[in-house]
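The file data.txt contains compact mmCIF, C-alpha atoms and all ligand atoms:
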# COMPACT_ATOMS: atom_id res chain seq x y z
CA MET A 933 -28.14 -48.05 8.12
CA SER A 934 -25.01 -50.16 8.55
CA TRP A 935 -21.63 -49.00 7.13
CA PHE A 936 -21.35 -52.06 4.92
CA PRO A 937 -24.85 -53.28 4.07
CA GLU A 938 -24.75 -56.65 2.34
CA ARG A 939 -27.53 -56.18 -0.15
CA ASN A 940 -25.93 -57.04 -3.43
CA ASN A 941 -29.08 -55.88 -5.19
CA GLN A 942 -27.56 -54.64 -8.42
CA THR A 943 -29.50 -55.18 -11.62
CA TRP A 944 -28.15 -57.39 -14.40
CA LEU A 945 -27.46 -54.23 -16.45
CA GLN A 946 -25.39 -52.72 -13.65
CA LYS A 947 -23.49 -55.99 -13.21
CA MET A 948 -22.87 -56.18 -16.95
CA CYS A 949 -21.53 -52.60 -17.03
CA ALA A 950 -19.29 -53.36 -14.04
CA GLY A 951 -17.97 -56.37 -15.96
CA ILE A 952 -17.16 -54.18 -18.98
CA LEU A 953 -15.45 -51.56 -16.79
CA LYS A 954 -13.37 -54.26 -15.13
CA ALA A 955 -11.81 -55.04 -18.51
CA GLY A 956 -9.99 -51.68 -18.14
CA PRO A 957 -7.91 -50.24 -15.31
CA ILE A 958 -9.92 -49.83 -12.10
CA PRO A 959 -8.77 -47.05 -9.75
CA LYS A 960 -7.42 -48.67 -6.60
CA HIS A 961 -7.99 -45.62 -4.41
CA VAL A 962 -10.99 -43.32 -4.85
CA ALA A 963 -11.67 -40.22 -2.73
CA PHE A 964 -15.04 -38.50 -2.32
CA ILE A 965 -16.06 -34.96 -1.39
CA MET A 966 -19.61 -35.78 -0.34
CA ASP A 967 -21.09 -32.35 -0.97
CA GLY A 968 -24.71 -31.21 -1.17
CA ASN A 969 -26.46 -32.76 1.86
CA ARG A 970 -28.09 -29.49 2.97
CA ARG A 971 -29.25 -28.52 -0.51
CA PHE A 972 -30.71 -32.00 -0.80
CA ALA A 973 -32.53 -31.48 2.50
CA THR A 974 -33.96 -28.14 1.34
CA LYS A 975 -34.93 -29.55 -2.05
CA ASN A 976 -36.82 -32.39 -0.36
CA SER A 977 -38.30 -30.34 2.52
CA MET A 978 -36.36 -32.17 5.21
CA ASP A 979 -34.32 -30.80 8.09
CA ARG A 980 -30.53 -30.66 7.83
CA ALA A 981 -30.00 -33.61 10.16
CA GLN A 982 -32.08 -35.73 7.80
CA GLY A 983 -30.00 -34.49 4.85
CA HIS A 984 -26.76 -35.55 6.57
CA LEU A 985 -28.28 -38.92 7.51
CA GLN A 986 -29.20 -39.47 3.85
CA GLY A 987 -25.59 -38.51 3.12
CA PHE A 988 -24.33 -41.24 5.43
CA ASN A 989 -26.69 -43.78 3.86
CA LYS A 990 -25.32 -42.85 0.44
CA LEU A 991 -21.80 -43.36 1.73
CA ALA A 992 -22.69 -46.89 2.88
CA GLU A 993 -24.21 -47.67 -0.53
CA THR A 994 -21.22 -46.21 -2.37
CA LEU A 995 -18.78 -48.31 -0.31
CA GLU A 996 -20.60 -51.43 -1.44
CA TRP A 997 -20.40 -50.36 -5.12
CA CYS A 998 -16.69 -49.63 -4.71
CA LEU A 999 -16.01 -53.04 -3.13
CA ASP A 1000 -17.92 -54.75 -5.93
CA LEU A 1001 -15.88 -52.91 -8.57
CA GLY A 1002 -12.57 -53.90 -6.93
CA ILE A 1003 -11.73 -50.44 -5.56
CA SER A 1004 -9.75 -51.43 -2.49
CA GLU A 1005 -9.30 -48.05 -0.80
CA VAL A 1006 -11.81 -45.22 -0.31
CA THR A 1007 -11.24 -41.87 1.40
CA VAL A 1008 -14.13 -39.58 2.34
CA TYR A 1009 -14.31 -35.99 3.53
CA ALA A 1010 -16.77 -36.40 6.40
CA PHE A 1011 -16.08 -33.29 8.47
CA SER A 1012 -13.75 -30.40 7.73
CA ILE A 1013 -12.12 -28.25 10.42
CA GLU A 1014 -13.98 -25.40 8.66
CA ASN A 1015 -17.27 -27.17 9.46
CA PHE A 1016 -16.80 -26.27 13.15
CA LYS A 1017 -17.81 -22.74 12.07
CA ARG A 1018 -21.34 -23.91 11.17
CA SER A 1019 -24.20 -23.29 13.61
CA LYS A 1020 -23.95 -25.09 16.95
CA ASP A 1021 -27.08 -27.06 16.08
CA GLU A 1022 -25.59 -28.37 12.87
CA VAL A 1023 -22.18 -29.19 14.41
CA ASP A 1024 -23.97 -31.03 17.24
CA CYS A 1025 -26.06 -32.95 14.73
CA LEU A 1026 -22.98 -34.01 12.72
CA MET A 1027 -21.21 -35.02 15.95
CA GLU A 1028 -24.24 -37.05 17.02
CA LEU A 1029 -24.29 -38.77 13.64
CA ALA A 1030 -20.59 -39.63 14.01
CA ARG A 1031 -21.18 -40.84 17.60
CA GLN A 1032 -24.00 -43.15 16.48
CA LYS A 1033 -22.32 -44.45 13.35
CA PHE A 1034 -18.92 -45.17 14.89
CA SER A 1035 -20.68 -46.91 17.81
CA LYS A 1036 -22.67 -48.95 15.32
CA LEU A 1037 -19.42 -49.96 13.66
CA LEU A 1038 -18.30 -51.48 16.96
CA HIS A 1039 -21.42 -53.66 16.91
CA GLU A 1040 -20.61 -54.87 13.39
CA LYS A 1041 -17.21 -56.32 14.24
CA GLU A 1042 -17.96 -59.73 12.76
CA MET A 1043 -19.01 -58.35 9.40
CA ILE A 1044 -16.02 -55.95 9.28
CA GLU A 1045 -13.69 -58.86 10.04
CA LYS A 1046 -15.40 -61.02 7.42
CA HIS A 1047 -14.71 -58.41 4.72
CA GLY A 1048 -11.24 -57.59 6.09
CA ILE A 1049 -11.95 -53.85 6.26
CA CYS A 1050 -9.47 -51.48 7.87
CA ILE A 1051 -10.91 -48.15 9.08
CA ARG A 1052 -8.65 -45.17 9.55
CA VAL A 1053 -9.81 -41.79 10.80
CA LEU A 1054 -7.59 -38.94 9.66
CA GLY A 1055 -7.49 -35.43 11.08
CA GLN A 1056 -7.03 -33.42 14.27
CA LEU A 1057 -9.11 -35.74 16.39
CA THR A 1058 -8.28 -33.86 19.61
CA LEU A 1059 -10.75 -31.20 18.39
CA LEU A 1060 -13.59 -33.72 18.83
CA PRO A 1061 -15.56 -34.50 22.01
CA GLN A 1062 -13.67 -37.03 24.17
CA ASP A 1063 -16.29 -39.81 23.85
CA ILE A 1064 -16.19 -39.62 20.04
CA GLN A 1065 -12.38 -39.76 20.09
CA GLU A 1066 -12.62 -42.91 22.22
CA THR A 1067 -15.20 -44.61 19.99
CA ILE A 1068 -13.16 -43.75 16.89
CA ALA A 1069 -9.99 -45.09 18.54
CA GLU A 1070 -11.75 -48.37 19.34
CA ALA A 1071 -12.85 -48.75 15.70
CA VAL A 1072 -9.40 -47.85 14.36
CA CYS A 1073 -7.60 -50.25 16.71
CA PHE A 1074 -9.78 -53.27 16.15
CA THR A 1075 -9.60 -52.99 12.35
CA LYS A 1076 -5.96 -51.96 11.98
CA HIS A 1077 -4.69 -55.40 10.92
CA ASN A 1078 -7.27 -55.80 8.13
CA THR A 1079 -5.90 -55.40 4.63
CA ARG A 1080 -8.53 -56.40 2.05
CA ALA A 1081 -10.20 -52.99 1.88
CA ILE A 1082 -9.46 -49.65 3.51
CA LEU A 1083 -11.80 -46.82 4.43
CA ASN A 1084 -10.18 -43.52 5.40
CA VAL A 1085 -12.61 -41.12 7.06
CA CYS A 1086 -11.27 -37.56 7.09
CA PHE A 1087 -12.78 -36.03 10.21
CA ALA A 1088 -11.77 -32.66 11.72
CA TYR A 1089 -9.48 -32.55 8.69
CA THR A 1090 -8.22 -30.01 6.21
CA ALA A 1091 -5.33 -30.63 3.84
CA ARG A 1092 -3.56 -27.41 4.79
CA ASP A 1093 -3.79 -28.29 8.47
CA ASP A 1094 -2.34 -31.71 7.67
CA ILE A 1095 0.56 -30.14 5.74
CA CYS A 1096 1.24 -27.67 8.60
CA THR A 1097 1.20 -30.53 11.15
CA SER A 1098 3.64 -32.45 8.99
CA MET A 1099 5.93 -29.40 8.75
CA ARG A 1100 5.78 -28.94 12.53
CA GLU A 1101 6.74 -32.60 13.06
CA MET A 1102 9.72 -32.23 10.74
CA THR A 1103 10.99 -29.00 12.32
CA ASN A 1104 10.67 -30.61 15.78
CA GLY A 1105 12.66 -33.56 14.47
CA VAL A 1106 15.42 -31.18 13.32
CA LYS A 1107 15.35 -29.29 16.66
CA GLN A 1108 15.71 -32.54 18.58
CA GLY A 1109 18.59 -33.62 16.32
CA ILE A 1110 16.75 -36.74 15.07
CA ILE A 1111 16.90 -35.58 11.44
CA LYS A 1112 18.86 -32.91 9.57
CA GLN A 1113 17.35 -29.93 7.80
CA SER A 1114 18.66 -31.33 4.51
CA ASP A 1115 16.49 -34.46 5.10
CA ILE A 1116 13.34 -32.37 4.59
CA ASN A 1117 11.90 -32.94 1.16
CA GLU A 1118 8.63 -33.92 -0.55
CA GLU A 1119 9.05 -37.58 0.33
CA LEU A 1120 9.53 -36.92 4.04
CA LEU A 1121 6.69 -34.40 4.18
CA GLU A 1122 4.44 -37.05 2.67
CA LYS A 1123 5.52 -39.59 5.27
CA CYS A 1124 4.43 -37.20 8.03
CA LEU A 1125 0.94 -36.57 6.65
CA TYR A 1126 -2.09 -38.28 8.23
CA THR A 1127 -2.49 -39.93 4.83
CA SER A 1128 1.04 -41.41 4.89
CA GLN A 1129 -0.26 -45.00 5.08
CA CYS A 1130 -2.64 -44.50 2.13
CA ARG A 1131 -1.87 -45.54 -1.41
CA LYS A 1132 -1.82 -42.86 -4.14
CA VAL A 1133 -5.27 -41.37 -4.82
CA ASP A 1134 -6.22 -42.38 -8.37
CA LEU A 1135 -9.60 -40.70 -8.66
CA LEU A 1136 -11.24 -37.91 -6.67
CA ILE A 1137 -14.98 -37.36 -7.07
CA ARG A 1138 -16.84 -34.26 -5.87
CA THR A 1139 -20.61 -34.04 -6.03
CA SER A 1140 -23.01 -31.06 -6.03
CA GLY A 1141 -21.61 -29.23 -9.06
CA GLU A 1142 -18.93 -27.33 -7.11
CA VAL A 1143 -15.60 -27.49 -8.95
CA ARG A 1144 -13.03 -26.92 -6.22
CA LEU A 1145 -11.17 -29.07 -3.70
CA SER A 1146 -12.15 -27.15 -0.53
CA ASP A 1147 -8.92 -28.04 1.28
CA PHE A 1148 -9.27 -31.78 0.76
CA LEU A 1149 -6.21 -33.93 -0.14
CA LEU A 1150 -4.44 -30.95 -1.75
CA TRP A 1151 -1.01 -32.61 -1.57
CA GLU A 1152 -2.23 -36.08 -2.47
CA SER A 1153 -4.22 -34.97 -5.51
CA ALA A 1154 -1.24 -33.49 -7.38
CA TYR A 1155 -1.37 -36.47 -9.76
CA THR A 1156 -4.98 -37.59 -9.48
CA CYS A 1157 -7.82 -37.73 -11.97
CA LEU A 1158 -10.58 -35.34 -10.87
CA ALA A 1159 -14.29 -35.86 -11.56
CA PHE A 1160 -16.92 -33.25 -10.76
CA VAL A 1161 -20.46 -34.54 -10.71
CA LYS A 1162 -23.51 -32.25 -10.83
CA VAL A 1163 -25.86 -34.22 -8.54
CA LEU A 1164 -26.10 -33.61 -4.79
CA TRP A 1165 -24.34 -36.29 -2.70
CA PRO A 1166 -27.52 -38.13 -1.53
CA GLU A 1167 -28.54 -38.34 -5.22
CA PHE A 1168 -25.25 -39.96 -6.30
CA SER A 1169 -25.96 -43.24 -8.07
CA ILE A 1170 -23.99 -46.27 -9.22
CA TRP A 1171 -24.15 -44.80 -12.76
CA HIS A 1172 -22.33 -41.66 -11.60
CA LEU A 1173 -19.64 -43.89 -10.09
CA TYR A 1174 -19.35 -45.88 -13.33
CA ALA A 1175 -19.12 -42.65 -15.37
CA ALA A 1176 -16.35 -41.35 -13.09
CA VAL A 1177 -14.44 -44.64 -13.42
CA LEU A 1178 -14.78 -44.42 -17.21
CA HIS A 1179 -13.43 -40.84 -17.03
CA TYR A 1180 -10.50 -42.25 -15.00
CA GLN A 1181 -9.88 -44.96 -17.59
CA ARG A 1182 -9.64 -42.32 -20.34
CA ASN A 1183 -7.09 -40.31 -18.34
CA SER A 1184 -5.20 -42.83 -16.23
CA GLN A 1185 -2.27 -43.19 -18.61
CA ALA A 1186 -1.52 -39.44 -18.63
CA VAL A 1187 -1.75 -39.39 -14.83
CA GLU A 1188 0.64 -42.34 -14.57
CA VAL A 1189 3.20 -40.66 -16.88
CA ALA A 1190 3.06 -37.46 -14.79
CA ARG A 1191 3.56 -39.52 -11.60
CA GLN A 1192 6.56 -41.31 -13.04
CA ASN A 1193 8.15 -38.05 -14.18
CA ASN A 1194 7.65 -36.61 -10.70
CA GLN A 1195 9.30 -39.71 -9.17
CA ILE A 1196 12.30 -39.41 -11.51
CA GLU A 1197 12.68 -35.74 -10.60
CA ARG A 1198 12.48 -36.53 -6.87
CA GLU A 1199 15.22 -39.13 -7.18
CA ARG A 1200 17.41 -36.67 -9.10
CA LEU A 1201 16.92 -33.99 -6.45
CA GLN A 1202 17.71 -36.50 -3.70
CA ARG A 1203 20.98 -37.53 -5.38
CA GLU A 1204 21.88 -33.86 -5.81
CA SER A 1205 21.13 -33.13 -2.15
CA ASP A 1206 23.19 -36.12 -0.91
CA HIS A 1207 26.09 -35.03 -3.10
CA LYS A 1208 25.90 -31.50 -1.73
CA CYS A 1209 25.82 -32.78 1.86
CA ILE A 1210 28.93 -34.92 1.30
CA LEU A 1211 30.80 -31.98 -0.24
CA GLU A 1212 29.88 -29.87 2.79
CA GLU A 1213 31.12 -32.60 5.15
CA LEU A 1214 34.40 -32.85 3.25
CA GLU A 1215 34.77 -29.08 3.39
CA GLU A 1216 34.33 -29.18 7.18
CA GLN A 1217 36.88 -31.99 7.55
CA MET A 1218 39.33 -30.03 5.42
CA GLN A 1219 38.99 -27.02 7.69
CA ILE A 1220 39.42 -29.12 10.85
CA LYS A 1221 42.54 -30.85 9.49
CA GLY A 1222 43.88 -27.66 7.94
CA ASP A 1223 44.18 -29.33 4.51
CA LYS A 1224 44.41 -27.10 1.43
CA SER A 1225 42.09 -29.15 -0.80
CA ARG A 1226 39.07 -31.44 -0.38
CA ASP A 1227 39.59 -35.19 -0.57
CA THR A 1228 37.12 -35.97 -3.37
CA SER A 1229 38.39 -39.50 -4.05
CA ASN A 1230 35.69 -42.21 -4.07
CA ILE A 1231 33.01 -39.51 -4.03
CA GLN A 1232 30.35 -41.85 -5.46
CA SER A 1233 30.82 -44.44 -2.73
CA LYS A 1234 30.85 -41.69 -0.10
CA VAL A 1235 27.52 -40.39 -1.46
CA ALA A 1236 26.10 -43.94 -1.44
CA GLN A 1237 27.22 -44.42 2.17
CA TYR A 1238 25.72 -41.05 3.11
CA ALA A 1239 22.38 -42.01 1.46
CA LYS A 1240 22.31 -45.26 3.46
CA ILE A 1241 22.84 -43.43 6.75
CA ARG A 1242 20.30 -40.74 5.79
CA ASN A 1243 17.69 -43.38 4.93
CA HIS A 1244 18.21 -45.01 8.32
CA ARG A 1245 18.01 -41.64 10.15
CA VAL A 1246 14.80 -40.66 8.35
CA GLN A 1247 13.25 -44.09 8.89
CA CYS A 1248 13.91 -43.90 12.67
CA PHE A 1249 12.22 -40.49 12.73
CA VAL A 1250 9.18 -41.70 10.76
CA ASP A 1251 8.90 -44.86 12.90
CA GLY A 1252 8.91 -42.69 16.02
CA LEU A 1253 6.14 -40.48 14.64
CA ASN A 1254 4.01 -43.48 13.63
CA ARG A 1255 4.54 -45.03 17.07
CA ARG A 1256 3.35 -41.81 18.77
CA ARG A 1257 0.29 -41.65 16.54
CA ALA A 1258 -0.57 -45.30 17.21
CA GLN A 1259 -0.12 -44.73 20.96
CA TYR A 1260 -2.65 -41.87 20.84
CA PHE A 1261 -5.32 -44.36 19.67
CA GLU A 1262 -4.21 -47.13 22.03
CA LYS A 1263 -4.36 -44.85 25.09
CA LEU A 1264 -7.88 -43.77 24.16
CA THR A 1265 -9.06 -47.36 23.92
CA CYS A 1266 -7.90 -47.92 27.54
CA ASN A 1267 -10.22 -45.05 28.61
CA HIS A 1268 -13.07 -46.47 26.53
CA SER A 1269 -13.06 -50.01 27.95
C1 LIG B 1 -21.31 -31.61 2.78
O1 LIG B 1 -22.62 -31.20 2.45
C2 LIG B 1 -21.35 -32.69 3.75
C3 LIG B 1 -20.86 -32.64 5.02
C4 LIG B 1 -20.24 -31.44 5.59
C5 LIG B 1 -20.96 -33.78 5.91
C6 LIG B 1 -20.72 -35.08 5.23
C7 LIG B 1 -21.06 -36.15 6.16
C8 LIG B 1 -21.69 -37.27 5.81
C9 LIG B 1 -22.08 -37.62 4.43
C10 LIG B 1 -21.97 -38.26 6.85
C11 LIG B 1 -20.71 -39.01 7.17
C12 LIG B 1 -20.76 -39.46 8.54
C13 LIG B 1 -19.83 -40.27 9.08
C14 LIG B 1 -20.03 -40.69 10.46
C15 LIG B 1 -18.67 -40.75 8.34
P1 LIG B 1 -23.05 -29.76 2.92
O2 LIG B 1 -23.44 -29.85 4.37
O3 LIG B 1 -21.91 -28.81 2.64
O4 LIG B 1 -24.29 -29.44 2.05
P2 LIG B 1 -24.45 -28.19 1.05
O5 LIG B 1 -23.26 -28.17 0.17
O6 LIG B 1 -25.70 -28.49 0.32
O7 LIG B 1 -24.56 -26.97 1.91
MG MG B 2 -21.25 -27.89 0.85
Kindly return the structure encoded in the file as structure tokens.
Amino acid sequence: MSWFPERNNQTWLQKMCAGILKAGPIPKHVAFIMDGNRRFATKNSMDRAQGHLQGFNKLAETLEWCLDLGISEVTVYAFSIENFKRSKDEVDCLMELARQKFSKLLHEKEMIEKHGICIRVLGQLTLLPQDIQETIAEAVCFTKHNTRAILNVCFAYTARDDICTSMREMTNGVKQGIIKQSDINEELLEKCLYTSQCRKVDLLIRTSGEVRLSDFLLWESAYTCLAFVKVLWPEFSIWHLYAAVLHYQRNSQAVEVARQNNQIERERLQRESDHKCILEELEEQMQIKGDKSRDTSNIQSKVAQYAKIRNHRVQCFVDGLNRRRAQYFEKLTCNHS
């Protein structure tokens, strides 16, 4: 099955319910933990490969429902770093599925362009076979300018690995003198995550009745509405999606208030940190000049000037990181063609 089948075969009742839902706030970014493929296979006397294929087909269907509802960004947990510990047979089967489906995507360029879909693949891609890395890079590069809808596929991903990678990038930046240790904060950590280009996750849906996050979007889901659905992923239906969106609508205001409070707190902490840094600089200058007291005149304008320079320093660091990450994909596409 194609990634974006154009069936549009919803019943009048489904269309009517979508219309009613659209009168309320629609989550702009929805994430899915597509769990339960193997249990589905067992339940239906199929082999595991078939279960995962049904899982992919369900993903394609779900993307269509999301587009129809006006959900412009979707993130899916397609393969966790932990999944490498599964039997060789199963890992090979999931890799083969990825190989086939990402290759198929390259044959659907026209349709992807028509819908303006941007595909990002997030995770430690170097853990994947070289040919899959190259196919993924090709898909990422040819869709990167599209903006109407975004699909983030988390592959060879765990949230804790992402956070550790981000921390490593920041400490390297400090070591190389590009940023200062005092520049490290929540905002910068976020900008170094694989998900840095994504909008805030509004709703996270996990199927199969498990009620945990299994190392998926741990940082990003701090202020996210969570929905746990009992059915196995291949059994997920448009009605489950509608119910989850309704659950979001009932809770979105509380989530928004919590986000705003977090933003206010971040800004306060940033002002406090800038102020502290300026005082430390003045202290240093005092010691160099041998003055007896700190020159604290115009402290507010000094803090403002410091914040401007800090912003510029941090932006240069983040731009450099993004450039390196983009180059990784570009280099792979040279190998592929
Ligand atoms: C979890 O079910 C599912 C996975 C580990 C794989 C998910 C992958 C897909 C749906 C296909 C996506 C493919 C591409 C190319 C994007 P499980 O295996 O943990 O099943 P269980 O919970 O019943 O054991
Ligand atoms: Mg599972």
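For the pair atom CA of A:Ile1068 and atom CA of A:Ala1091, the interatomic distance is 20.1 Å.
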Residues within 12 Å of ligand MG 2 (chain B), counting all atoms listed in the file: report them as a PyMOL selection string. chain A and resi 965-973+980+983-984+987+1009-1012+1014-1015+1018+1138-1146+1164-1165
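Put simply, atom CA of A:Leu1149 is 21.8 Å away from atom CA of A:Thr1103.
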Just the residues within 9 Å of stretch 1201-1208 of chain A, please, counting all atoms listed in the file, with nothing from its chain fewer than 3 positions along; format it as an mmCIF file with C-alpha atoms, in the frame of the given file.
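Once written, around-v8.cif looks like this:
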data_model
loop_
_atom_site.group_PDB
_atom_site.id
_atom_site.type_symbol
_atom_site.label_atom_id
_atom_site.label_comp_id
_atom_site.auth_asym_id
_atom_site.auth_seq_id
_atom_site.Cartn_x
_atom_site.Cartn_y
_atom_site.Cartn_z
ATOM 1 C CA SER A 1114 18.660 -31.330 4.510
ATOM 2 C CA ASP A 1115 16.490 -34.460 5.100
ATOM 3 C CA ASN A 1117 11.900 -32.940 1.160
ATOM 4 C CA ILE A 1196 12.300 -39.410 -11.510
ATOM 5 C CA GLU A 1197 12.680 -35.740 -10.600
ATOM 6 C CA ARG A 1198 12.480 -36.530 -6.870
ATOM 7 C CA LEU A 1211 30.800 -31.980 -0.240
ATOM 8 C CA GLU A 1212 29.880 -29.870 2.790
ATOM 9 C CA GLU A 1213 31.120 -32.600 5.150
ATOM 10 C CA ILE A 1231 33.010 -39.510 -4.030
ATOM 11 C CA GLN A 1232 30.350 -41.850 -5.460
ATOM 12 C CA LYS A 1234 30.850 -41.690 -0.100
ATOM 13 C CA VAL A 1235 27.520 -40.390 -1.460
ATOM 14 C CA ALA A 1236 26.100 -43.940 -1.440
ATOM 15 C CA TYR A 1238 25.720 -41.050 3.110
ATOM 16 C CA ALA A 1239 22.380 -42.010 1.460
ATOM 17 C CA ARG A 1242 20.300 -40.740 5.790
#
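The closest residue to ligand LIG 1 (chain B), picked from A:His1077, A:Lys1162, A:Lys1046, A:Arg1100 and counting all atoms listed in the file, is A:Lys1162.
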A:Thr1075: which residues within 10 Å, counting all atoms listed in the file, same-chain residues fewer than 6 positions away excluded, as a count of residues only? 10
For A:Ile1064, please output as a PyMOL selection string all residues within 10 Å (counting all atoms listed in the file; exclusion window: fewer than 3 positions along the same chain). chain A and resi 1027-1028+1030-1032+1034-1035+1057-1058+1060-1061+1067-1070+1268
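With distances taken over all atoms listed in the file, A:Asn1084 is the one residue among A:Asn1254, A:Asn1084, A:Asn940, A:Thr1079 lying closest to ligand LIG 1 (chain B).
Using all atoms listed in the file, the smallest distance between any of A:Glu1167, A:Asp1000, A:Glu1042, A:Asp1093 and ligand LIG 1 (chain B) comes from A:Glu1167.
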If we count all atoms listed in the file and set the cut-off at 10 Å, which residues sit around A:Lys1123, ignoring sequence neighbours fewer than 2 positions away in its own chain? Please answer as a ChimeraX atom specification. /A:1098,1118-1121,1125-1129,1246-1247,1250-1251,1253-1254
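Going from atom CA of A:Lys975 to atom P2 of ligand LIG 1 (chain B) covers 11.0 Å.
Proximity ranking of A:Val1177, A:Met1099, A:Ala981, A:Val1161 relative to A:Ala950 places A:Val1177 first, based on only C-alpha atoms.
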Measuring atom to atom with all atoms listed in the file, identify which of A:Lys954, A:Lys1107, A:Arg1182, A:His961 is nearest to A:Leu1136. A:His961
For ligand LIG 1 (chain B), take all atoms listed in the file, fit an axis-aligned box around them, add 6 Å to each of the six sides, then output centre and edge lengths in Å rounded to one decimal, as AutoDock Vina command-line options.
--center_x -22.2 --center_y -33.9 --center_z 5.3 --size_x 19.0 --size_y 25.8 --size_z 22.3
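Closest approach to ligand LIG 1 (chain B) among A:Glu1199, A:Asp979, A:Glu1215, A:Glu1005: A:Asp979, based on all atoms listed in the file.
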Residues near A:Met1043, anyone? I mean within 10 Å using all atoms listed in the file, not counting same-chain ones fewer than 5 positions away, as a ChimeraX atom specification. /A:935-938,1037,1048-1049
How about completing stretch 1104-1118 of chain A with N, CA and C atoms and giving it to me as a PDB file, in the frame of the given file?
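Generated file (result-v2.pdb):
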ATOM      1  N   ASN A1104      10.369 -30.079  14.439  1.00  0.00           N
ATOM      2  CA  ASN A1104      10.670 -30.610  15.780  1.00  0.00           C
ATOM      3  C   ASN A1104      11.761 -31.673  15.701  1.00  0.00           C
ATOM      4  N   GLY A1105      11.656 -32.516  14.668  1.00  0.00           N
ATOM      5  CA  GLY A1105      12.660 -33.560  14.470  1.00  0.00           C
ATOM      6  C   GLY A1105      14.054 -32.962  14.274  1.00  0.00           C
ATOM      7  N   VAL A1106      14.120 -31.843  13.549  1.00  0.00           N
ATOM      8  CA  VAL A1106      15.420 -31.180  13.320  1.00  0.00           C
ATOM      9  C   VAL A1106      15.901 -30.585  14.651  1.00  0.00           C
ATOM     10  N   LYS A1107      14.984 -29.917  15.371  1.00  0.00           N
ATOM     11  CA  LYS A1107      15.350 -29.290  16.660  1.00  0.00           C
ATOM     12  C   LYS A1107      15.901 -30.314  17.631  1.00  0.00           C
ATOM     13  N   GLN A1108      15.269 -31.500  17.637  1.00  0.00           N
ATOM     14  CA  GLN A1108      15.710 -32.540  18.580  1.00  0.00           C
ATOM     15  C   GLN A1108      16.925 -33.322  18.064  1.00  0.00           C
ATOM     16  N   GLY A1109      17.391 -32.966  16.868  1.00  0.00           N
ATOM     17  CA  GLY A1109      18.590 -33.620  16.320  1.00  0.00           C
ATOM     18  C   GLY A1109      18.322 -35.027  15.784  1.00  0.00           C
ATOM     19  N   ILE A1110      17.044 -35.384  15.581  1.00  0.00           N
ATOM     20  CA  ILE A1110      16.750 -36.740  15.070  1.00  0.00           C
ATOM     21  C   ILE A1110      16.999 -36.777  13.555  1.00  0.00           C
ATOM     22  N   ILE A1111      16.622 -35.690  12.879  1.00  0.00           N
ATOM     23  CA  ILE A1111      16.900 -35.580  11.440  1.00  0.00           C
ATOM     24  C   ILE A1111      17.642 -34.272  11.176  1.00  0.00           C
ATOM     25  N   LYS A1112      18.175 -34.156   9.951  1.00  0.00           N
ATOM     26  CA  LYS A1112      18.860 -32.910   9.570  1.00  0.00           C
ATOM     27  C   LYS A1112      17.927 -32.091   8.689  1.00  0.00           C
ATOM     28  N   GLN A1113      18.188 -30.795   8.636  1.00  0.00           N
ATOM     29  CA  GLN A1113      17.350 -29.930   7.800  1.00  0.00           C
ATOM     30  C   GLN A1113      17.372 -30.389   6.335  1.00  0.00           C
ATOM     31  N   SER A1114      18.537 -30.880   5.908  1.00  0.00           N
ATOM     32  CA  SER A1114      18.660 -31.330   4.510  1.00  0.00           C
ATOM     33  C   SER A1114      17.835 -32.611   4.239  1.00  0.00           C
ATOM     34  N   ASP A1115      17.329 -33.261   5.304  1.00  0.00           N
ATOM     35  CA  ASP A1115      16.490 -34.460   5.100  1.00  0.00           C
ATOM     36  C   ASP A1115      15.067 -34.077   4.698  1.00  0.00           C
ATOM     37  N   ILE A1116      14.719 -32.802   4.892  1.00  0.00           N
ATOM     38  CA  ILE A1116      13.340 -32.370   4.590  1.00  0.00           C
ATOM     39  C   ILE A1116      13.156 -32.251   3.086  1.00  0.00           C
ATOM     40  N   ASN A1117      12.235 -33.017   2.591  1.00  0.00           N
ATOM     41  CA  ASN A1117      11.900 -32.940   1.160  1.00  0.00           C
ATOM     42  C   ASN A1117      10.460 -33.448   0.978  1.00  0.00           C
ATOM     43  N   GLU A1118      10.020 -33.517  -0.271  1.00  0.00           N
ATOM     44  CA  GLU A1118       8.630 -33.920  -0.550  1.00  0.00           C
ATOM     45  C   GLU A1118       8.324 -35.292   0.044  1.00  0.00           C
TER      46      GLU A1118
END
